[in-house]
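S.K.: Here you go, one structure.
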Amino acid sequence: MATTRTANAHWEGPLTSGRGTVSLDSSKLGTYDVTWPARSEEPNGKTSPEELIAAAHSTCYSMALSHGLAGAGTPPEKVDTKAEVTFQPGEGITGIHLTVRASVPGLSAADFEKAAQDAKANCPVSKALTGTKITLDAALA
């Protein structure tokens with residue numbers, strides 16, 4: 001069964017001096033402030049599209065890796081993934097770097113690397129970001 005999730009953005013003013021909010025409507029978890037400086041300089045307590053993409057990608061990747069490992073008979077004890085989304089004003093998103101550390105009893109480093117690369121290629125968010133360079137640093141914890 002397909003699902004649809006909803007978020008809404010509201011923006012006021014010009015790009016560089018304006019401000020806005022993004023609300024996570026499906027989950028009702030909250031509304032967050034967004035600004036151009038939060039995107040192109042320092043966050044200062046506000047979020048950006050790139051941070052939201054990083055949150056989505058790190059979560060999706062962790063879920064895909066966990067699923068793949070469990071399906072291969074080696075379920076993980078834990079998977080920790082950090083996604084770093086690089087934004088260059090004037091160019092856009094120039095890359096995403098995933099760093100994953102996992103505890104997987106009985107799995108070799110080589111088999112973990114293979115599973116990690118498979119998850120990178122096949123997690124739904126990675127697929128949605130086709131065309132963006134995605135790199136991976138994967139290791140057993």
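Order determines the names: the first chain of the structure tokens is A, the second B, and so forth; residues in each chain are numbered 1 upward, and ligands are numbered 1 upward as they are shown.
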What's the 12 Å shell around Arg39 of chain A, counting only C-alpha atoms, without same-chain residues fewer than 4 positions away, as a PyMOL selection string?

M.R.: chain A and resi 15-16+19+33-35+43-52+85-89+92-93

S.K.: Which of chain A counts as alpha helix (DSSP H) under DSSP, as a ChimeraX atom specification please?

M.R.: /A:36-40,49-71,109-122,124-128

S.K.: Would you mind exporting C-alpha atoms of the selected residues as a tab-separated table (two decimals), in the first residue's frame?

M.R.:
```tsv
chain	number	residue	atom	x	y	z
A	36	TRP	CA	18.83	31.87	3.36
A	37	PRO	CA	21.67	32.39	5.87
A	38	ALA	CA	20.76	29.05	7.50
A	39	ARG	CA	21.24	27.51	4.06
A	40	SER	CA	24.34	29.34	2.85
A	49	PRO	CA	16.36	22.08	2.67
A	50	GLU	CA	19.79	20.43	2.78
A	51	GLU	CA	19.47	19.57	6.47
A	52	LEU	CA	16.04	18.08	5.82
A	53	ILE	CA	17.47	16.03	2.94
A	54	ALA	CA	20.32	14.88	5.22
A	55	ALA	CA	17.77	13.76	7.81
A	56	ALA	CA	15.75	11.86	5.23
A	57	HIS	CA	18.79	10.26	3.61
A	58	SER	CA	20.50	9.14	6.82
A	59	THR	CA	17.26	7.60	8.09
A	60	CYS	CA	16.36	5.87	4.83
A	61	TYR	CA	19.89	4.55	4.40
A	62	SER	CA	19.98	3.13	7.95
A	63	MET	CA	16.64	1.41	7.39
A	64	ALA	CA	17.71	-0.03	4.01
A	65	LEU	CA	21.01	-1.31	5.39
A	66	SER	CA	19.32	-2.87	8.41
A	67	HIS	CA	16.77	-4.56	6.16
A	68	GLY	CA	19.42	-5.91	3.80
A	69	LEU	CA	21.56	-7.25	6.63
A	70	ALA	CA	18.60	-8.92	8.32
A	71	GLY	CA	17.49	-10.42	5.01
A	109	ALA	CA	34.25	-6.29	6.99
A	110	ALA	CA	34.11	-7.24	3.30
A	111	ASP	CA	30.53	-8.50	3.56
A	112	PHE	CA	29.56	-5.38	5.48
A	113	GLU	CA	31.07	-3.16	2.78
A	114	LYS	CA	29.08	-5.03	0.13
A	115	ALA	CA	25.84	-4.63	2.09
A	116	ALA	CA	26.60	-0.96	2.75
A	117	GLN	CA	27.21	-0.24	-0.94
A	118	ASP	CA	24.01	-2.10	-1.88
A	119	ALA	CA	22.00	-0.01	0.59
A	120	LYS	CA	23.55	3.19	-0.84
A	121	ALA	CA	22.49	2.20	-4.35
A	122	ASN	CA	19.03	0.98	-3.43
A	124	PRO	CA	14.60	4.99	-1.91
A	125	VAL	CA	16.09	8.38	-1.00
A	126	SER	CA	19.36	7.54	-2.81
A	127	LYS	CA	17.29	6.58	-5.84
A	128	ALA	CA	15.32	9.84	-5.63
```

S.K.: Go through A:Thr130, A:Thr94, A:Thr74, A:Thr81 and flag the residue nearest Gly106 of chain A, using only C-alpha atoms for the distances.

M.R.: A:Thr74

S.K.: Neighbouring residues of Asp80 of chain A were defined as those with any atom within 7 Å, considering only C-alpha atoms; residues of the same chain fewer than 2 positions away were excluded. Please report them as a PDB file with C-alpha atoms, in the first residue's frame.

M.R.:
```pdb
ATOM      1  CA  SER A  62      19.982   3.128   7.951  1.00  0.00           C
ATOM      2  CA  LYS A  78      22.782  -1.005  15.667  1.00  0.00           C
ATOM      3  CA  LYS A  82      25.435  10.577   9.287  1.00  0.00           C
ATOM      4  CA  VAL A 100      27.894   4.599   8.617  1.00  0.00           C
ATOM      5  CA  ARG A 101      29.087   2.626  11.606  1.00  0.00           C
ATOM      6  CA  ALA A 102      27.292  -0.557  12.554  1.00  0.00           C
TER       7      ALA A 102
END
```

S.K.: Given the choices A:Ala139, A:Ile134, A:Cys123, A:Ala83, which gets closest to Ser108 of chain A if the distance is worked out from only C-alpha atoms?

M.R.: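 Nearest to Ser108 of chain A: A:Ala139.
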
S.K.: Between A:Glu12, A:Glu42, A:Thr6, A:Leu136, which one has atoms that come closest to Ser26 of chain A, using only C-alpha atoms?

M.R.: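 Of all the options, A:Thr6 lies closest to Ser26 of chain A.
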
S.K.: Can you measure atom CA of Ala72 of chain A to atom CA of Thr135 of chain A for me? One decimal in Å is fine.

M.R.: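 Straight-line distance from atom CA of Ala72 of chain A to atom CA of Thr135 of chain A works out to 23.5 Å.
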
S.K.: Neighbouring residues of Val104 of chain A were defined as those with any atom within 6 Å, considering only C-alpha atoms; residues of the same chain fewer than 2 positions away were excluded. Please report them as an MDAnalysis selection string.

M.R.: chainID A and resid 76:77 107

S.K.: Which one of A:Trp11, A:Ser103, A:Thr4, A:Ile96 sits closest to Asp25 of chain A if you count only C-alpha atoms?

M.R.: A:Thr4

S.K.: How would you write, as a VMD selection string, the set of residues in chain A that DSSP gives as strand (DSSP E or B)?

M.R.: chain A and resid 7 to 12 19 to 24 30 to 35 47 78 to 88 92 to 103 134 to 140
